[in-house]
file protein10.txt (compact mmCIF, C-alpha atoms and all ligand atoms)
# COMPACT_ATOMS: atom_id res chain seq x y z
CA MET A 893 -22.01 12.50 9.34
CA ASP A 894 -19.46 9.97 10.42
CA LEU A 895 -19.95 8.62 13.89
CA LYS A 896 -18.27 5.27 13.91
CA ASN A 897 -16.06 5.71 16.97
CA PRO A 898 -18.43 4.40 19.65
CA ALA A 899 -18.62 1.09 17.79
CA ILE A 900 -14.82 0.84 17.75
CA MET A 901 -14.66 1.28 21.51
CA LYS A 902 -17.35 -1.33 21.99
CA ARG A 903 -15.64 -3.94 19.81
CA LEU A 904 -12.45 -3.64 21.85
CA GLU A 905 -14.14 -3.67 25.26
CA GLY A 906 -13.10 -7.22 26.08
CA ILE A 907 -9.42 -6.55 25.44
CA GLU A 908 -7.29 -5.85 28.48
CA ARG A 909 -4.29 -4.24 26.80
CA ILE A 910 -3.78 -2.79 23.33
CA ILE A 911 -0.09 -2.59 22.48
CA ALA A 912 1.13 -0.95 19.28
CA VAL A 913 4.64 -1.73 18.10
CA ILE A 914 5.96 1.43 16.45
CA SER A 915 9.12 3.01 15.08
CA GLY A 916 10.12 6.15 13.26
CA LYS A 917 12.53 4.26 11.05
CA GLY A 918 11.56 1.39 8.79
CA GLY A 919 13.02 -2.10 8.79
CA VAL A 920 13.96 -2.16 12.48
CA GLY A 921 11.99 -5.32 13.28
CA LYS A 922 8.47 -4.18 14.22
CA THR A 923 6.71 -6.91 12.30
CA LEU A 924 8.90 -9.65 13.68
CA ILE A 925 8.60 -8.29 17.22
CA ALA A 926 4.82 -7.76 17.05
CA SER A 927 4.28 -11.26 15.66
CA ALA A 928 6.61 -12.83 18.22
CA MET A 929 4.94 -10.96 21.07
CA ALA A 930 1.46 -12.14 20.09
CA LEU A 931 2.68 -15.73 19.68
CA THR A 932 4.49 -15.60 23.03
CA ILE A 933 1.50 -14.29 24.94
CA ALA A 934 -0.53 -17.20 23.56
CA LYS A 935 2.29 -19.64 24.32
CA ILE A 936 2.48 -18.66 27.98
CA GLY A 937 -1.24 -19.22 28.26
CA PHE A 938 -3.05 -15.95 27.68
CA PRO A 939 -5.52 -15.23 24.89
CA SER A 940 -3.81 -12.88 22.47
CA GLY A 941 -4.50 -11.11 19.19
CA LEU A 942 -2.44 -9.66 16.37
CA LEU A 943 -3.74 -6.98 14.02
CA ASP A 944 -1.61 -6.01 11.05
CA MET A 945 -2.06 -2.28 10.57
CA ASP A 946 0.58 -1.93 7.89
CA PHE A 947 -2.21 -1.96 5.30
CA THR A 948 -0.25 -1.01 2.20
CA ASN A 949 2.41 -3.58 2.89
CA SER A 950 1.09 -6.19 5.33
CA SER A 951 3.55 -8.87 6.29
CA CYS A 952 2.59 -10.46 9.62
CA HIS A 953 0.92 -13.29 7.69
CA LEU A 954 4.28 -14.09 6.14
CA VAL A 955 5.91 -14.40 9.56
CA LEU A 956 3.02 -16.54 10.78
CA GLY A 957 3.04 -18.69 7.65
CA VAL A 958 -0.62 -17.99 6.91
CA ASP A 959 -1.68 -18.61 3.31
CA VAL A 960 -4.05 -15.67 2.82
CA SER A 961 -5.41 -17.06 -0.44
CA LYS A 962 -6.68 -20.17 1.37
CA GLU A 963 -7.49 -19.16 4.93
CA LYS A 964 -10.25 -16.62 5.47
CA PRO A 965 -11.85 -15.02 8.50
CA ILE A 966 -15.33 -16.41 9.09
CA GLU A 967 -18.34 -14.12 8.69
CA ASP A 968 -20.52 -14.13 11.77
CA ILE A 969 -22.30 -10.91 12.82
CA GLY A 970 -19.05 -9.29 11.72
CA ILE A 971 -15.92 -11.27 11.05
CA LEU A 972 -13.96 -13.58 13.30
CA PRO A 973 -10.15 -13.39 13.18
CA VAL A 974 -8.23 -16.43 12.00
CA LYS A 975 -6.68 -18.51 14.79
CA VAL A 976 -2.96 -19.12 14.22
CA HIS A 977 -0.95 -20.98 16.86
CA GLY A 978 -3.37 -19.74 19.49
CA VAL A 979 -3.29 -16.13 18.25
CA GLU A 980 -6.39 -14.38 16.89
CA PHE A 981 -5.03 -12.86 13.72
CA MET A 982 -6.50 -10.22 11.43
CA SER A 983 -5.05 -8.53 8.37
CA VAL A 984 -6.28 -6.82 5.20
CA ALA A 985 -4.02 -9.28 3.40
CA PHE A 986 -6.92 -11.76 3.65
CA TYR A 987 -8.85 -9.45 1.35
CA SER A 988 -6.07 -8.09 -0.84
CA ARG A 989 -4.64 -11.60 -1.22
CA GLY A 990 -1.33 -10.26 -0.06
CA GLU A 991 -1.04 -8.03 -3.15
CA ALA A 992 0.34 -4.51 -2.83
CA LEU A 993 -2.40 -2.16 -1.72
CA PRO A 994 -1.74 1.42 -2.85
CA LEU A 995 -3.63 3.74 -0.49
CA ARG A 996 -3.85 7.40 0.31
CA GLY A 997 -4.39 8.86 3.75
CA VAL A 998 -8.18 9.00 3.81
CA GLU A 999 -8.35 5.39 2.67
CA ILE A 1000 -5.99 4.26 5.38
CA ASP A 1001 -8.32 6.00 7.79
CA ASN A 1002 -11.32 4.17 6.27
CA ILE A 1003 -9.67 0.75 6.46
CA PHE A 1004 -8.53 1.44 10.00
CA ARG A 1005 -12.10 2.07 11.14
CA GLU A 1006 -13.74 -0.58 8.97
CA LEU A 1007 -11.44 -3.31 10.30
CA LEU A 1008 -12.01 -2.33 13.91
CA ILE A 1009 -15.76 -2.13 13.40
CA ILE A 1010 -16.24 -5.51 11.76
CA THR A 1011 -13.69 -7.65 13.61
CA ARG A 1012 -15.00 -9.54 16.62
CA TRP A 1013 -12.18 -10.32 19.02
CA SER A 1014 -12.61 -12.60 22.00
CA LYS A 1015 -11.73 -11.50 25.50
CA LEU A 1016 -8.00 -10.97 25.10
CA LYS A 1017 -5.16 -10.36 27.52
CA ALA A 1018 -3.53 -8.27 24.81
CA LEU A 1019 -4.03 -7.19 21.23
CA ILE A 1020 -0.75 -6.44 19.50
CA LEU A 1021 -0.77 -3.96 16.61
CA ASP A 1022 1.90 -4.05 13.93
CA THR A 1023 2.24 -0.61 12.37
CA PRO A 1024 3.98 1.01 9.41
CA SER A 1025 7.09 3.05 10.18
CA GLY A 1026 6.98 6.79 10.68
CA PHE A 1027 4.41 9.01 12.33
CA GLY A 1028 1.68 8.83 9.71
CA ASP A 1029 -2.03 8.08 9.50
CA VAL A 1030 -2.03 4.79 11.39
CA ILE A 1031 -0.12 6.10 14.41
CA LEU A 1032 -2.28 9.21 14.56
CA ASN A 1033 -5.41 7.06 14.27
CA ILE A 1034 -4.28 4.79 17.07
CA THR A 1035 -3.76 7.80 19.33
CA THR A 1036 -7.12 9.27 18.34
CA TYR A 1037 -9.44 6.27 18.13
CA LEU A 1038 -7.72 3.95 20.62
CA PRO A 1039 -6.77 6.32 23.42
CA ARG A 1040 -5.92 3.49 25.79
CA ALA A 1041 -3.38 1.91 23.46
CA GLU A 1042 0.21 1.81 24.70
CA PHE A 1043 3.22 2.03 22.43
CA ILE A 1044 6.35 -0.06 22.39
CA ALA A 1045 8.94 1.72 20.29
CA VAL A 1046 11.58 -0.22 18.39
CA THR A 1047 14.98 1.14 17.39
CA THR A 1048 18.37 -0.13 16.31
CA PRO A 1049 21.51 1.38 17.84
CA ASP A 1050 22.14 3.29 14.60
CA THR A 1051 22.27 7.07 14.76
CA LEU A 1052 19.45 7.68 12.29
CA SER A 1053 17.14 5.29 14.12
CA LEU A 1054 17.98 6.75 17.53
CA GLU A 1055 17.38 10.24 16.23
CA THR A 1056 13.82 9.33 15.18
CA LEU A 1057 13.28 7.95 18.66
CA LYS A 1058 14.49 11.22 20.13
CA ARG A 1059 12.04 13.04 17.86
CA LEU A 1060 9.24 10.80 19.07
CA ALA A 1061 10.16 11.77 22.62
CA GLY A 1062 9.27 15.33 21.70
CA THR A 1063 5.77 14.55 20.41
CA TYR A 1064 2.48 14.29 22.25
CA MET A 1065 2.71 10.53 21.82
CA SER A 1066 5.75 10.15 24.04
CA GLY A 1067 3.67 9.67 27.19
CA LYS A 1068 2.14 6.58 25.65
CA ILE A 1069 5.43 4.78 25.18
CA SER A 1070 5.66 2.12 27.82
CA GLY A 1071 9.10 1.02 26.72
CA VAL A 1072 11.71 0.70 24.02
CA ILE A 1073 13.11 -2.42 22.41
CA VAL A 1074 16.56 -2.08 20.91
CA ASN A 1075 16.72 -4.57 18.07
CA MET A 1076 19.66 -5.84 16.04
CA SER A 1077 21.80 -4.50 18.82
CA TYR A 1078 25.60 -4.55 18.60
CA LYS A 1079 26.38 -2.07 21.37
CA SER A 1080 24.45 -1.01 24.43
CA ILE A 1081 22.60 2.27 24.04
CA ARG A 1082 20.60 1.86 27.21
CA SER A 1083 21.82 5.05 28.83
CA SER A 1084 21.09 7.27 25.83
CA ILE A 1085 17.55 5.91 25.67
CA GLU A 1086 17.06 6.35 29.39
CA LYS A 1087 18.24 9.92 29.00
CA MET A 1088 15.33 10.46 26.60
CA GLY A 1089 13.07 9.40 29.46
CA PHE A 1090 12.19 5.93 28.14
CA LYS A 1091 12.46 2.54 29.77
CA VAL A 1092 14.53 -0.07 27.91
CA LEU A 1093 12.60 -3.32 27.73
CA ALA A 1094 15.22 -5.36 25.88
CA GLU A 1095 18.37 -5.20 23.83
CA ILE A 1096 18.08 -7.93 21.23
CA PRO A 1097 21.10 -8.90 19.13
CA ARG A 1098 21.03 -9.75 15.44
CA TYR A 1099 20.44 -13.47 14.89
CA ASN A 1100 21.58 -15.06 11.69
CA ASP A 1101 19.22 -18.03 11.96
CA LEU A 1102 16.05 -15.93 11.81
CA GLU A 1103 15.60 -15.66 8.07
CA GLY A 1104 15.14 -19.42 7.71
CA CYS A 1105 12.32 -19.38 10.28
CA ILE A 1106 10.06 -16.80 8.65
CA GLY A 1107 6.78 -18.57 7.97
CA ASN A 1108 7.56 -21.49 10.25
CA VAL A 1109 6.21 -20.63 13.67
CA ASP A 1110 7.48 -23.76 15.44
CA ARG A 1111 11.05 -23.05 14.38
CA PHE A 1112 10.65 -19.30 14.90
CA MET A 1113 9.54 -19.79 18.49
CA LYS A 1114 12.67 -21.85 19.24
CA THR A 1115 15.10 -19.11 18.21
CA GLY A 1116 17.17 -16.93 20.52
CA PHE A 1117 15.11 -14.02 19.22
CA ALA A 1118 11.87 -15.58 20.48
CA GLU A 1119 13.55 -16.25 23.83
CA LYS A 1120 14.40 -12.55 24.16
CA ILE A 1121 10.84 -11.63 23.24
CA GLU A 1122 9.51 -13.98 25.89
CA GLU A 1123 11.59 -12.20 28.57
CA THR A 1124 10.27 -8.90 27.25
CA VAL A 1125 6.65 -10.05 27.25
CA GLN A 1126 6.98 -11.20 30.87
CA LYS A 1127 8.12 -7.68 31.79
CA VAL A 1128 5.37 -6.03 29.76
CA LEU A 1129 2.59 -8.17 31.26
CA ASP A 1130 3.85 -7.80 34.84
CA MET B 1407 -23.67 -11.74 8.13
CA HIS B 1408 -21.31 -8.83 8.62
CA GLU B 1409 -24.15 -6.40 7.79
CA TRP B 1410 -25.06 -6.80 11.45
CA ALA B 1411 -21.73 -5.30 12.48
CA LEU B 1412 -22.28 -2.40 10.08
CA ALA B 1413 -25.79 -1.87 11.39
CA ASP B 1414 -24.51 -2.02 14.94
CA ALA B 1415 -21.93 0.67 14.17
CA ILE B 1416 -24.73 2.91 12.87
CA VAL B 1417 -26.89 2.24 15.91
CA GLU B 1418 -23.99 2.89 18.31
CA ALA B 1419 -23.26 6.17 16.58
CA ALA B 1420 -26.89 7.25 16.54
CA CYS B 1421 -27.36 6.28 20.19
CA SER B 1422 -24.32 8.22 21.34
CA LEU B 1423 -25.84 11.30 19.76
CA LEU B 1424 -29.26 10.52 21.26
CA ASN B 1425 -27.66 10.15 24.68
CA GLU B 1426 -26.06 13.54 24.38
CA ARG B 1427 -29.43 15.05 23.55
CA ARG B 1428 -31.24 12.89 26.12
CA ALA B 1429 -33.61 11.72 23.39
CA LYS B 1430 -35.25 8.34 22.77
CA ARG B 1431 -36.75 8.97 19.41
CA ILE B 1432 -35.48 9.57 15.89
CA ALA B 1433 -37.87 11.31 13.49
CA LEU B 1434 -35.90 10.50 10.37
CA LEU B 1435 -32.76 8.48 9.83
CA ASN B 1436 -31.14 8.65 6.43
CA VAL B 1437 -28.68 5.83 5.81
CA VAL B 1438 -26.70 5.58 2.61
CA ILE B 1439 -25.60 2.24 1.18
CA GLY B 1440 -22.69 2.70 -1.18
CA SER B 1441 -22.80 0.14 -3.94
CA LEU B 1442 -19.06 -0.63 -3.73
CA GLN B 1443 -19.54 -2.47 -0.46
CA SER B 1444 -22.73 -4.10 -1.79
CA ALA B 1445 -24.20 -4.51 1.67
CA ASP B 1446 -27.48 -6.44 1.60
CA ARG B 1447 -30.23 -3.84 1.89
CA GLU B 1448 -32.85 -6.11 3.46
CA VAL B 1449 -30.46 -7.58 6.03
CA LEU B 1450 -29.24 -4.13 6.90
CA LYS B 1451 -32.77 -2.81 7.30
CA PHE B 1452 -33.80 -5.75 9.44
CA ALA B 1453 -30.66 -5.45 11.58
CA LEU B 1454 -31.14 -1.70 12.08
CA THR B 1455 -34.78 -2.14 13.04
CA GLU B 1456 -34.03 -4.93 15.52
CA LEU B 1457 -31.03 -3.19 17.06
CA PHE B 1458 -32.87 0.09 17.59
CA LYS B 1459 -35.83 -1.79 19.07
CA SER B 1460 -33.57 -3.69 21.48
CA ARG B 1461 -32.31 -0.34 22.78
CA GLY B 1462 -35.76 1.10 23.18
CA ILE B 1463 -35.25 3.69 20.46
CA LYS B 1464 -38.16 4.58 18.25
CA VAL B 1465 -37.31 5.37 14.63
CA GLU B 1466 -40.28 7.02 12.96
CA GLU B 1467 -38.83 6.84 9.50
CA LEU B 1468 -35.84 4.88 8.26
CA ARG B 1469 -34.63 5.67 4.77
CA LEU B 1470 -32.05 3.54 3.02
CA ASN B 1471 -30.70 5.15 -0.10
CA GLU B 1472 -28.35 3.49 -2.49
CA GLU B 1473 -25.43 5.48 -3.85
CA GLU B 1474 -23.65 4.49 -7.01
CA ALA B 1475 -19.95 3.72 -6.69
CA LEU B 1476 -17.74 5.90 -8.87
CA LEU B 1477 -13.98 5.79 -9.16
CA ARG B 1478 -11.96 8.60 -10.68
CA CYS B 1479 -8.49 8.17 -12.09
CA ARG B 1480 -6.20 10.77 -10.58
CA LEU B 1481 -3.92 10.62 -13.58
CA CYS B 1482 -6.28 10.97 -16.57
CA LEU B 1483 -9.37 12.07 -14.60
CA LYS B 1484 -11.68 9.51 -16.27
CA ILE B 1485 -14.56 8.35 -14.10
CA TRP B 1486 -15.49 4.67 -13.93
CA LYS B 1487 -18.58 2.89 -12.72
CA LEU B 1488 -18.31 -0.47 -11.02
CA GLU B 1489 -19.82 -2.23 -14.06
CA ASP B 1490 -17.16 -0.71 -16.32
CA LEU B 1491 -14.43 -2.30 -14.27
CA ASP B 1492 -15.76 -5.83 -14.67
CA ILE B 1493 -14.84 -7.09 -11.23
CA PRO B 1494 -14.75 -10.87 -10.64
CA ASP B 1495 -17.00 -12.31 -7.93
CA ASP B 1496 -14.23 -13.29 -5.50
CA VAL B 1497 -12.91 -9.72 -5.62
CA LYS B 1498 -16.42 -8.36 -5.03
CA GLU B 1499 -16.58 -10.56 -1.96
CA ALA B 1500 -13.30 -9.10 -0.63
CA VAL B 1501 -14.44 -5.55 -1.42
CA HIS B 1502 -17.68 -6.28 0.42
CA PHE B 1503 -15.68 -6.53 3.66
CA ILE B 1504 -13.04 -3.85 3.06
CA PRO B 1505 -14.02 -1.54 0.17
CA GLU B 1506 -10.49 -0.08 -0.14
CA VAL B 1507 -8.99 -3.41 -1.19
CA ILE B 1508 -10.40 -2.63 -4.62
CA HIS B 1509 -7.11 -0.77 -5.13
CA ALA B 1510 -5.24 -4.07 -5.12
CA TYR B 1511 -7.27 -5.26 -8.09
CA VAL B 1512 -8.38 -2.48 -10.42
CA ARG B 1513 -6.56 -0.19 -12.79
CA CYS B 1514 -7.81 2.69 -14.90
CA LEU B 1515 -9.13 1.26 -18.17
CA ASN B 1516 -7.82 4.28 -20.02
CA CYS B 1517 -4.29 4.76 -18.72
CA GLY B 1518 -3.54 1.76 -16.48
CA SER B 1519 -2.97 3.86 -13.34
CA GLN B 1520 -3.78 2.33 -9.95
CA ASP B 1521 -4.21 5.77 -8.43
CA LEU B 1522 -8.00 5.69 -8.44
CA GLU B 1523 -10.11 7.66 -6.04
CA ILE B 1524 -13.43 6.35 -4.74
CA ILE B 1525 -15.49 9.50 -5.22
CA SER B 1526 -18.84 8.08 -4.17
CA GLY B 1527 -20.65 4.97 -3.05
CA ARG B 1528 -17.97 3.55 -0.78
CA GLY B 1529 -19.95 2.01 2.05
CA VAL B 1530 -22.66 2.36 4.66
CA TYR B 1531 -22.99 5.63 6.55
CA ILE B 1532 -25.48 7.97 8.20
CA ALA B 1533 -26.24 10.80 5.79
CA SER B 1534 -28.47 12.68 8.22
CA MET B 1535 -30.54 12.25 11.33
CA GLU B 1536 -33.50 14.29 12.55
CA LEU B 1537 -34.66 14.06 16.14
N1 LIG A 1601 17.04 -9.43 15.75
C1 LIG A 1601 17.10 -9.71 14.44
N2 LIG A 1601 18.10 -10.47 13.93
C2 LIG A 1601 18.17 -10.73 12.60
N3 LIG A 1601 17.31 -10.27 11.70
C3 LIG A 1601 16.29 -9.50 12.13
C4 LIG A 1601 16.12 -9.18 13.52
N4 LIG A 1601 15.04 -8.41 13.65
C5 LIG A 1601 14.52 -8.26 12.41
N5 LIG A 1601 15.26 -8.91 11.50
C6 LIG A 1601 15.07 -8.92 10.04
O1 LIG A 1601 15.10 -7.59 9.59
C7 LIG A 1601 14.17 -7.38 8.53
C8 LIG A 1601 13.18 -6.28 8.90
O2 LIG A 1601 12.34 -6.74 9.94
P1 LIG A 1601 10.80 -6.34 9.99
O3 LIG A 1601 10.16 -6.54 8.68
O4 LIG A 1601 10.21 -7.01 11.17
O5 LIG A 1601 10.99 -4.77 10.25
P2 LIG A 1601 9.81 -3.68 10.26
O6 LIG A 1601 10.22 -2.66 11.27
O7 LIG A 1601 8.52 -4.32 10.45
O8 LIG A 1601 9.94 -3.09 8.78
P3 LIG A 1601 8.88 -2.08 8.08
O9 LIG A 1601 9.22 -0.72 8.66
O10 LIG A 1601 9.19 -2.19 6.64
O11 LIG A 1601 7.53 -2.55 8.45
C9 LIG A 1601 13.50 -8.72 8.30
O12 LIG A 1601 14.15 -9.37 7.25
C10 LIG A 1601 13.70 -9.45 9.60
O13 LIG A 1601 13.72 -10.85 9.43
MG MG A 1602 6.75 -4.18 9.26
ZN ZN A 1603 -6.45 6.93 -16.00
call {"tool": "encode", "arguments": {"input": "protein10.txt", "output": "structure tokens"}}
result
Amino acid sequence: MDLKNPAIMKRLEGIERIIAVISGKGGVGKTLIASAMALTIAKIGFPSGLLDMDFTNSSCHLVLGVDVSKEKPIEDIGILPVKVHGVEFMSVAFYSRGEALPLRGVEIDNIFRELLIITRWSKLKALILDTPSGFGDVILNITTYLPRAEFIAVTTPDTLSLETLKRLAGTYMSGKISGVIVNMSYKSIRSSIEKMGFKVLAEIPRYNDLEGCIGNVDRFMKTGFAEKIEETVQKVLD
Amino acid sequence: MHEWALADAIVEAACSLLNERRAKRIALLNVVIGSLQSADREVLKFALTELFKSRGIKVEELRLNEEEALLRCRLCLKIWKLEDLDIPDDVKEAVHFIPEVIHAYVRCLNCGSQDLEIISGRGVYIASMEL
């Protein structure tokens, strides 16, 4: 008998919005966008959280510059997320020491529930979820266990990426998508996305200065990329 | 103590079922503690007792049964006990919080595969409940 869901709901009670950053295609910028969104929400003065749900390949801690072999969540009737630049941050990387974590579906499901059951978030304006690409276990779990979560879908203007977005539009998850971020944009594809029935939250160009800022939050938050994310966050929170 | 969070999850789950049945009493609650997570039995028992009491639920009999952790290699099908795998203390600590992170650390002693399946003794769960 597995009846852990009511506890999950209870742990997330104090969180106003749960926003999952998703994409069908990999490498489109979800991790960077999710991390920047959580940092921005904190920067403009709201309590925010970031949960890395890309369990097999977590990388938010790398963007945030968190040394997972040194910093650890504190154990206190559960575990308390680590505070990074005002963001409450949680990741399995704290426990896998950032090593690769080979997992099959049922184990992803177990980690998903375990993490949500033991993590004690404060009252948050928003909890941002970074997710693995595709429509696999994590996305299905979010829809099932966190019914009030909203999705922000990320795409590049490339055909293959746009096609996966179109596919997403045909799934039962499409109603949960509150908007689309076009990342690494080099041409406007606003109208084709609007034709799919989605709202375009931002079209963010490719920035060549980003790579040098990974792991350095102060520099990262001064980039043009972070500026674009701030405009997006304002829209999302409105 | 994160055992309190685990106990709370059990109590929440049990109470949601009790609510459905409009009941206030559990005749027998069977909770399994998988040895992989190595949850502290006494803390868990205390937490469960206190949490049920605070919700006005009477538990006539609470059984906590330990279940041995076994991992099976999907490649060569050998089965390993936790002791066989000789896990260092800091890894045990990590596994205590998230049992699945064991996959980042252990390999099959026979063939070196990391494709191991936890076939029993993962963590804490309700095995059965009688009203
Ligand atoms: N607007 C941008 N300008 C320049 N580089 C970018 C931009 N957005 C993302 N990147 C870079 O692209 C790469 C992929 O980004 P990221 O890891 O965030 O994608 P992802 O969608 O999370 O990938 P995965 O599907 O593997 O999780 C990274 O090296 C990141 O720094
Ligand atoms: Mg990513
Ligand atoms: Zn083997």
call {"tool": "interface_residues", "arguments": {"input": "protein10.txt", "of": "chain B", "to": "chain A", "cutoff": "6 Å", "atoms": "all atoms listed in the file", "output": "MDAnalysis selection string"}}
result
chainID B and resid 1407:1408 1410:1411 1415 1418:1419 1500 1507 1509:1510 1532:1533
call {"tool": "write_last_selection", "arguments": {"input": "protein10.txt", "atoms": "C-alpha atoms", "output": "short mmCIF file (atom, residue, chain, number, x, y, z; two decimals), keeping the file's coordinate frame"}}
result
data_model
loop_
_atom_site.label_atom_id
_atom_site.label_comp_id
_atom_site.auth_asym_id
_atom_site.auth_seq_id
_atom_site.Cartn_x
_atom_site.Cartn_y
_atom_site.Cartn_z
CA MET B 1407 -23.67 -11.74 8.13
CA HIS B 1408 -21.31 -8.83 8.62
CA TRP B 1410 -25.06 -6.80 11.45
CA ALA B 1411 -21.73 -5.30 12.48
CA ALA B 1415 -21.93 0.67 14.17
CA GLU B 1418 -23.99 2.89 18.31
CA ALA B 1419 -23.26 6.17 16.58
CA ALA B 1500 -13.30 -9.10 -0.63
CA VAL B 1507 -8.99 -3.41 -1.19
CA HIS B 1509 -7.11 -0.77 -5.13
CA ALA B 1510 -5.24 -4.07 -5.12
CA ILE B 1532 -25.48 7.97 8.20
CA ALA B 1533 -26.24 10.80 5.79
#
call {"tool": "closest_residue", "arguments": {"input": "protein10.txt", "among": "B:Leu1477, B:Ile1524, B:Ala1453, B:Val1530", "to": "ligand ZN 1603 (chain A)", "atoms": "all atoms listed in the file"}}
result
B:Leu1477
call {"tool": "residues_near_ligand", "arguments": {"input": "protein10.txt", "ligand": "ligand ZN 1603 (chain A)", "cutoff": "6 Å", "atoms": "only C-alpha atoms and all ligand atoms", "output": "PyMOL selection string"}}
result
chain B and resi 1479+1481-1482+1484+1514+1516-1519
call {"tool": "residues_near_ligand", "arguments": {"input": "protein10.txt", "ligand": "ligand MG 1602 (chain A)", "cutoff": "9 Å", "atoms": "all atoms listed in the file", "output": "VMD selection string"}}
result
chain A and resid 918 to 924 926 944 946 949 to 952 1022 to 1025
call {"tool": "closest_residue", "arguments": {"input": "protein10.txt", "among": "A:Arg1111, A:Lys962, A:Arg1005, A:Arg1098", "to": "ligand LIG 1601 (chain A)", "atoms": "all atoms listed in the file"}}
result
A:Arg1098
call {"tool": "residues_around", "arguments": {"input": "protein10.txt", "residues": "A:Ile910", "least_positions_apart": "2", "cutoff": "10 Å", "atoms": "all atoms listed in the file", "output": "list in words"}}
result
Leu904, Ile907, Glu908, Ala912, Val913, Gly941, Leu942, Leu1016, Lys1017, Ala1018, Leu1019, Ile1020, Leu1021, Ile1034, Leu1038, Pro1039, Arg1040, Ala1041, Glu1042 and Phe1043 of chain A
call {"tool": "atom_distance", "arguments": {"input": "protein10.txt", "atom1": "atom CA of A:Arg1082", "atom2": "atom CA of A:Val955"}}
result
28.1 Å
call {"tool": "closest_residue", "arguments": {"input": "protein10.txt", "among": "A:Pro965, A:Gly1104, A:Gly1116, A:Pro1049", "to": "A:Ile1081", "atoms": "all atoms listed in the file"}}
result
A:Pro1049
call {"tool": "atom_distance", "arguments": {"input": "protein10.txt", "atom1": "atom CA of A:Lys917", "atom2": "atom O10 of ligand LIG 1601 (chain A)"}}
result
8.5 Å
call {"tool": "atom_distance", "arguments": {"input": "protein10.txt", "atom1": "atom CA of B:Ala1413", "atom2": "atom CA of B:Asn1425"}}
result
18.0 Å
